[in-house]
Amino acid sequence: MLWKGRRQSDNIEDERSDSGGGFGGGGPRQFRVPIGGRAGGGGSIIFVILVVLAGWYFGFDPSQILGEGGGLVPGGGGQITEDSSSPDSGAPASDEMKQFVATVLAETEDTWSGIFKANGLTYEDPKLVLFSSQIRSACGFASSAAGPFYCPGDHKVYLDMTFFQQLDQQFGASGEFARAYVIAHEVGHHVQNLTGIMSKFNQMRQGMGEAEANQMSVRVELQADCFAGVWAHYTAQKGILEQGDMESALNAAKQIGDDTLQKKMQGYVVPESFNHGTSAQRQTWLARGYKSGKLSDCDTFNNPV
């Protein structure tokens with residue numbers, strides 16, 4: 001990925017030197033991402049997706065799956081094993097990985113701002129918080145063991161960058177664009193939040209059983225994957241991607257599928273517990289967004305997944 005020398009986002013909050021910092025308690029609990037919608041008519045891209053989502057809006061609550069300290073793992077339902085040999089994420093503010101994250105975030109800002117503006121809307125940039133070990137967000141307490149997550153309560157993405165080493169060493173998903181996909185997936189949840197779908201789901205899920213909520217969660221996660229693919233589509237048009245970049249992102253989607261993670265962690269799968277999607281599903285929807293670049297092709301709620 002040809003990211004060096006490109007604009008870096010100013011929307012980075014580096015909390016790595018303040019372990020357990022962030023926000024006090026209160027506010028909404030942590031979320032796990034679900035979303036939905038009914039098929040709508042044609043029109044502009046944003047209009048189409050809003051119509052698609054107009055009938056059924058779904059938010060997300062990871063505390064149902066991960067408990068108090070859980071966050072949204074872009075790739076799977078299981079928690080990440082702590083590795084005491086992993087490098088300390090409390091690195092200097094000028095480190096190269098932070099520059100990489102800030103550049104990828106800037107690219108998502110440019111892409112989504114352009115899509116929203118083209119349809120008469122204003123995109124609100126999310127903040128991305130770098131933390132070490134644990135942090136408190138507007139959604140509650142989170143441990144880095146749960147992976148990156150997005151909190152709709154404060155419109156922020158939370159990331160302990162040691163996850164990138166784990167993505168490579170534990171999950172076998174290496175490459176800069178695999179890491180970029182992780183960030184783009186979480187920003188995809190922010191796009192979902194801006195459409196108004198998450199708060200509505202939190203109301204609707206009160207009447208759902210666990211199995212039904214998991215099924216809706218899968219559709220939300222797959223849509224975020226598709227949105228990440230849409231971002232990758234426009235990023236490729238800028239000439240930023242190198243040979244093998246998209247393949248590394250697709251491999252990451254495969255390695256963090258619910259079925260692959262469960263097989264690796266416990267030796268067997270429990271389909272009714274899936275909440276992010278299988279490896280095949282995640283790859284399919286990421287590739288679909290990348291191929292078309294259209295949000296209207298990311299309707300995971302009115303199409304088979």
# chains A, B, ... in the order shown; residues from 1 in each chain; ligands from 1
$ residues_around --residues "Phe227 (chain A)" --least-positions-apart "2" --cutoff "8 Å" --atoms "only C-alpha atoms" --output "list of chain:residue names"
A:Ala184, A:His185, A:Gly188, A:Gln223, A:Ala224, A:Asp225, A:Gly229, A:Val230, A:Trp231, A:Leu286, A:Gly289, A:Leu295, A:Cys298
$ write_last_selection --atoms "N, CA, C and O atoms" --output "mmCIF file, in the first residue's frame"
data_model
loop_
_atom_site.group_PDB
_atom_site.id
_atom_site.type_symbol
_atom_site.label_atom_id
_atom_site.label_comp_id
_atom_site.auth_asym_id
_atom_site.auth_seq_id
_atom_site.Cartn_x
_atom_site.Cartn_y
_atom_site.Cartn_z
ATOM 1 N N ALA A 184 -11.003 0.298 8.126
ATOM 2 C CA ALA A 184 -12.114 0.634 7.233
ATOM 3 C C ALA A 184 -13.405 -0.053 7.671
ATOM 4 O O ALA A 184 -14.498 0.500 7.511
ATOM 5 N N HIS A 185 -13.296 -1.264 8.214
ATOM 6 C CA HIS A 185 -14.475 -1.977 8.715
ATOM 7 C C HIS A 185 -15.107 -1.206 9.870
ATOM 8 O O HIS A 185 -16.325 -1.021 9.921
ATOM 9 N N GLY A 188 -16.788 1.699 8.716
ATOM 10 C CA GLY A 188 -18.052 1.281 8.124
ATOM 11 C C GLY A 188 -19.175 1.278 9.148
ATOM 12 O O GLY A 188 -20.317 1.643 8.851
ATOM 13 N N GLN A 223 -22.288 -6.005 6.259
ATOM 14 C CA GLN A 223 -22.460 -4.729 5.586
ATOM 15 C C GLN A 223 -21.256 -3.821 5.840
ATOM 16 O O GLN A 223 -20.799 -3.112 4.941
ATOM 17 N N ALA A 224 -20.726 -3.850 7.062
ATOM 18 C CA ALA A 224 -19.526 -3.068 7.358
ATOM 19 C C ALA A 224 -18.355 -3.562 6.517
ATOM 20 O O ALA A 224 -17.516 -2.774 6.067
ATOM 21 N N ASP A 225 -18.276 -4.873 6.286
ATOM 22 C CA ASP A 225 -17.252 -5.413 5.393
ATOM 23 C C ASP A 225 -17.442 -4.884 3.977
ATOM 24 O O ASP A 225 -16.486 -4.514 3.292
ATOM 25 N N GLY A 229 -15.142 -2.539 1.582
ATOM 26 C CA GLY A 229 -14.837 -2.820 0.186
ATOM 27 C C GLY A 229 -15.095 -1.624 -0.705
ATOM 28 O O GLY A 229 -14.337 -1.350 -1.650
ATOM 29 N N VAL A 230 -16.174 -0.879 -0.430
ATOM 30 C CA VAL A 230 -16.471 0.338 -1.188
ATOM 31 C C VAL A 230 -15.315 1.323 -1.034
ATOM 32 O O VAL A 230 -14.858 1.933 -2.010
ATOM 33 N N TRP A 231 -14.834 1.476 0.187
ATOM 34 C CA TRP A 231 -13.691 2.359 0.420
ATOM 35 C C TRP A 231 -12.470 1.877 -0.361
ATOM 36 O O TRP A 231 -11.763 2.673 -0.992
ATOM 37 N N LEU A 286 -16.950 -8.253 1.317
ATOM 38 C CA LEU A 286 -15.829 -7.334 1.123
ATOM 39 C C LEU A 286 -15.524 -7.199 -0.367
ATOM 40 O O LEU A 286 -15.344 -6.093 -0.885
ATOM 41 N N GLY A 289 -18.283 -5.105 -2.328
ATOM 42 C CA GLY A 289 -18.121 -3.656 -2.214
ATOM 43 C C GLY A 289 -16.950 -3.155 -3.034
ATOM 44 O O GLY A 289 -17.020 -2.095 -3.663
ATOM 45 N N LEU A 295 -22.815 1.646 -2.573
ATOM 46 C CA LEU A 295 -23.462 1.292 -1.317
ATOM 47 C C LEU A 295 -24.732 0.494 -1.555
ATOM 48 O O LEU A 295 -25.126 -0.336 -0.726
ATOM 49 N N CYS A 298 -24.578 -3.120 -1.096
ATOM 50 C CA CYS A 298 -24.234 -3.595 0.244
ATOM 51 C C CYS A 298 -25.468 -3.877 1.092
ATOM 52 O O CYS A 298 -25.398 -3.811 2.328
#
$ residues_around --residues "His190 (chain A)" --least-positions-apart "2" --cutoff "8 Å" --atoms "only C-alpha atoms" --output "PyMOL selection string"
chain A and resi 126+150+152+155-156+186-188+192-194
$ write_last_selection --atoms "N, CA, C and O atoms" --output "PDB file, in the first residue's frame"
ATOM      1  N   PRO A 126     -15.183  10.516  12.157  1.00  0.00           N
ATOM      2  CA  PRO A 126     -15.058   9.904  13.477  1.00  0.00           C
ATOM      3  C   PRO A 126     -13.680  10.196  14.057  1.00  0.00           C
ATOM      4  O   PRO A 126     -12.748  10.551  13.321  1.00  0.00           O
ATOM      5  N   TYR A 150     -15.929   0.014  17.610  1.00  0.00           N
ATOM      6  CA  TYR A 150     -16.506   1.332  17.372  1.00  0.00           C
ATOM      7  C   TYR A 150     -17.590   1.583  18.414  1.00  0.00           C
ATOM      8  O   TYR A 150     -18.409   0.707  18.693  1.00  0.00           O
ATOM      9  N   PRO A 152     -20.763   3.928  19.098  1.00  0.00           N
ATOM     10  CA  PRO A 152     -21.666   4.930  18.528  1.00  0.00           C
ATOM     11  C   PRO A 152     -22.001   6.045  19.502  1.00  0.00           C
ATOM     12  O   PRO A 152     -22.417   7.124  19.094  1.00  0.00           O
ATOM     13  N   HIS A 155     -18.993   8.298  18.757  1.00  0.00           N
ATOM     14  CA  HIS A 155     -18.546   8.342  17.357  1.00  0.00           C
ATOM     15  C   HIS A 155     -17.035   8.151  17.252  1.00  0.00           C
ATOM     16  O   HIS A 155     -16.371   8.821  16.465  1.00  0.00           O
ATOM     17  N   LYS A 156     -16.514   7.188  18.010  1.00  0.00           N
ATOM     18  CA  LYS A 156     -15.075   6.956  18.007  1.00  0.00           C
ATOM     19  C   LYS A 156     -14.740   5.489  17.751  1.00  0.00           C
ATOM     20  O   LYS A 156     -15.457   4.585  18.193  1.00  0.00           O
ATOM     21  N   GLU A 186     -14.284  -0.743  10.806  1.00  0.00           N
ATOM     22  CA  GLU A 186     -14.813   0.008  11.943  1.00  0.00           C
ATOM     23  C   GLU A 186     -15.412   1.338  11.493  1.00  0.00           C
ATOM     24  O   GLU A 186     -16.446   1.765  12.018  1.00  0.00           O
ATOM     25  N   VAL A 187     -14.784   1.981  10.520  1.00  0.00           N
ATOM     26  CA  VAL A 187     -15.350   3.214   9.972  1.00  0.00           C
ATOM     27  C   VAL A 187     -16.675   2.906   9.279  1.00  0.00           C
ATOM     28  O   VAL A 187     -17.597   3.725   9.284  1.00  0.00           O
ATOM     29  N   GLY A 188     -16.788   1.699   8.716  1.00  0.00           N
ATOM     30  CA  GLY A 188     -18.052   1.281   8.124  1.00  0.00           C
ATOM     31  C   GLY A 188     -19.175   1.278   9.148  1.00  0.00           C
ATOM     32  O   GLY A 188     -20.317   1.643   8.851  1.00  0.00           O
ATOM     33  N   GLN A 192     -22.723   3.421   9.270  1.00  0.00           N
ATOM     34  CA  GLN A 192     -24.010   2.866   9.682  1.00  0.00           C
ATOM     35  C   GLN A 192     -24.636   3.711  10.785  1.00  0.00           C
ATOM     36  O   GLN A 192     -25.844   3.956  10.788  1.00  0.00           O
ATOM     37  N   ASN A 193     -23.821   4.152  11.711  1.00  0.00           N
ATOM     38  CA  ASN A 193     -24.332   4.966  12.810  1.00  0.00           C
ATOM     39  C   ASN A 193     -24.873   6.295  12.306  1.00  0.00           C
ATOM     40  O   ASN A 193     -25.911   6.774  12.771  1.00  0.00           O
ATOM     41  N   LEU A 194     -24.186   6.894  11.348  1.00  0.00           N
ATOM     42  CA  LEU A 194     -24.625   8.178  10.811  1.00  0.00           C
ATOM     43  C   LEU A 194     -25.957   8.071  10.078  1.00  0.00           C
ATOM     44  O   LEU A 194     -26.683   9.060   9.955  1.00  0.00           O
TER      45      LEU A 194
END
$ select_by_dssp --residues "region 118-194 of chain A" --states "helix (DSSP H, G or I)" --output "MDAnalysis selection string"
chainID A and resid 118 144:146 162:169 176:194
$ closest_residue --among "A:Arg282, A:Arg6, A:Lys254, A:His276" --to "Met216 (chain A)" --atoms "only C-alpha atoms"
A:His276
$ atom_distance --atom1 "CA of Asp154 (chain A)" --atom2 "CA of Tyr290 (chain A)"
28.2 Å
$ atom_distance --atom1 "CA of Ser174 (chain A)" --atom2 "CA of Gln266 (chain A)"
22.8 Å
$ residues_around --residues "Thr235 (chain A)" --least-positions-apart "5" --cutoff "9 Å" --atoms "only C-alpha atoms" --output "VMD selection string"
chain A and resid 107 to 108 111 230 240 to 241
$ closest_residue --among "A:Ala138, A:Leu128, A:Ala249, A:Ala118" --to "Gly172 (chain A)" --atoms "only C-alpha atoms"
A:Ala249
$ closest_residue --among "A:Lys263, A:Glu221, A:Val269, A:Glu242" --to "Asp299 (chain A)" --atoms "only C-alpha atoms"
A:Glu221
$ closest_residue --among "A:Thr103, A:Asn202, A:Thr195, A:Thr300" --to "Thr122 (chain A)" --atoms "only C-alpha atoms"
A:Thr195
$ decode --residues "region 189-202 of chain A" --atoms "N, CA, C and O atoms" --output "PDB file, in the first residue's frame"
ATOM      1  N   HIS A 189     -18.861   0.907  10.380  1.00  0.00           N
ATOM      2  CA  HIS A 189     -19.861   0.974  11.445  1.00  0.00           C
ATOM      3  C   HIS A 189     -20.232   2.425  11.741  1.00  0.00           C
ATOM      4  O   HIS A 189     -21.380   2.734  12.074  1.00  0.00           O
ATOM      5  N   HIS A 190     -19.264   3.322  11.620  1.00  0.00           N
ATOM      6  CA  HIS A 190     -19.558   4.742  11.822  1.00  0.00           C
ATOM      7  C   HIS A 190     -20.535   5.231  10.750  1.00  0.00           C
ATOM      8  O   HIS A 190     -21.471   5.979  11.049  1.00  0.00           O
ATOM      9  N   VAL A 191     -20.330   4.798   9.523  1.00  0.00           N
ATOM     10  CA  VAL A 191     -21.256   5.161   8.445  1.00  0.00           C
ATOM     11  C   VAL A 191     -22.651   4.640   8.768  1.00  0.00           C
ATOM     12  O   VAL A 191     -23.648   5.333   8.583  1.00  0.00           O
ATOM     13  N   GLN A 192     -22.723   3.421   9.270  1.00  0.00           N
ATOM     14  CA  GLN A 192     -24.010   2.866   9.682  1.00  0.00           C
ATOM     15  C   GLN A 192     -24.636   3.711  10.785  1.00  0.00           C
ATOM     16  O   GLN A 192     -25.844   3.956  10.788  1.00  0.00           O
ATOM     17  N   ASN A 193     -23.821   4.152  11.711  1.00  0.00           N
ATOM     18  CA  ASN A 193     -24.332   4.966  12.810  1.00  0.00           C
ATOM     19  C   ASN A 193     -24.873   6.295  12.306  1.00  0.00           C
ATOM     20  O   ASN A 193     -25.911   6.774  12.771  1.00  0.00           O
ATOM     21  N   LEU A 194     -24.186   6.894  11.348  1.00  0.00           N
ATOM     22  CA  LEU A 194     -24.625   8.178  10.811  1.00  0.00           C
ATOM     23  C   LEU A 194     -25.957   8.071  10.078  1.00  0.00           C
ATOM     24  O   LEU A 194     -26.683   9.060   9.955  1.00  0.00           O
ATOM     25  N   THR A 195     -26.280   6.892   9.590  1.00  0.00           N
ATOM     26  CA  THR A 195     -27.564   6.706   8.912  1.00  0.00           C
ATOM     27  C   THR A 195     -28.717   6.545   9.891  1.00  0.00           C
ATOM     28  O   THR A 195     -29.877   6.483   9.488  1.00  0.00           O
ATOM     29  N   GLY A 196     -28.410   6.431  11.181  1.00  0.00           N
ATOM     30  CA  GLY A 196     -29.445   6.345  12.202  1.00  0.00           C
ATOM     31  C   GLY A 196     -29.923   4.961  12.518  1.00  0.00           C
ATOM     32  O   GLY A 196     -30.947   4.781  13.182  1.00  0.00           O
ATOM     33  N   ILE A 197     -29.179   3.952  12.089  1.00  0.00           N
ATOM     34  CA  ILE A 197     -29.679   2.588  12.210  1.00  0.00           C
ATOM     35  C   ILE A 197     -29.419   1.938  13.565  1.00  0.00           C
ATOM     36  O   ILE A 197     -30.163   1.074  13.988  1.00  0.00           O
ATOM     37  N   MET A 198     -28.377   2.365  14.255  1.00  0.00           N
ATOM     38  CA  MET A 198     -27.962   1.639  15.458  1.00  0.00           C
ATOM     39  C   MET A 198     -28.867   1.861  16.665  1.00  0.00           C
ATOM     40  O   MET A 198     -29.203   0.925  17.380  1.00  0.00           O
ATOM     41  N   SER A 199     -29.249   3.102  16.889  1.00  0.00           N
ATOM     42  CA  SER A 199     -30.096   3.373  18.050  1.00  0.00           C
ATOM     43  C   SER A 199     -31.433   2.661  17.922  1.00  0.00           C
ATOM     44  O   SER A 199     -32.003   2.189  18.914  1.00  0.00           O
ATOM     45  N   LYS A 200     -31.942   2.574  16.698  1.00  0.00           N
ATOM     46  CA  LYS A 200     -33.217   1.898  16.479  1.00  0.00           C
ATOM     47  C   LYS A 200     -33.107   0.409  16.782  1.00  0.00           C
ATOM     48  O   LYS A 200     -34.014  -0.184  17.376  1.00  0.00           O
ATOM     49  N   PHE A 201     -31.987  -0.180  16.413  1.00  0.00           N
ATOM     50  CA  PHE A 201     -31.812  -1.599  16.681  1.00  0.00           C
ATOM     51  C   PHE A 201     -31.793  -1.877  18.184  1.00  0.00           C
ATOM     52  O   PHE A 201     -32.330  -2.874  18.650  1.00  0.00           O
ATOM     53  N   ASN A 202     -31.165  -0.986  18.931  1.00  0.00           N
ATOM     54  CA  ASN A 202     -31.099  -1.186  20.376  1.00  0.00           C
ATOM     55  C   ASN A 202     -32.495  -1.254  20.985  1.00  0.00           C
ATOM     56  O   ASN A 202     -32.716  -1.943  21.976  1.00  0.00           O
TER      57      ASN A 202
END
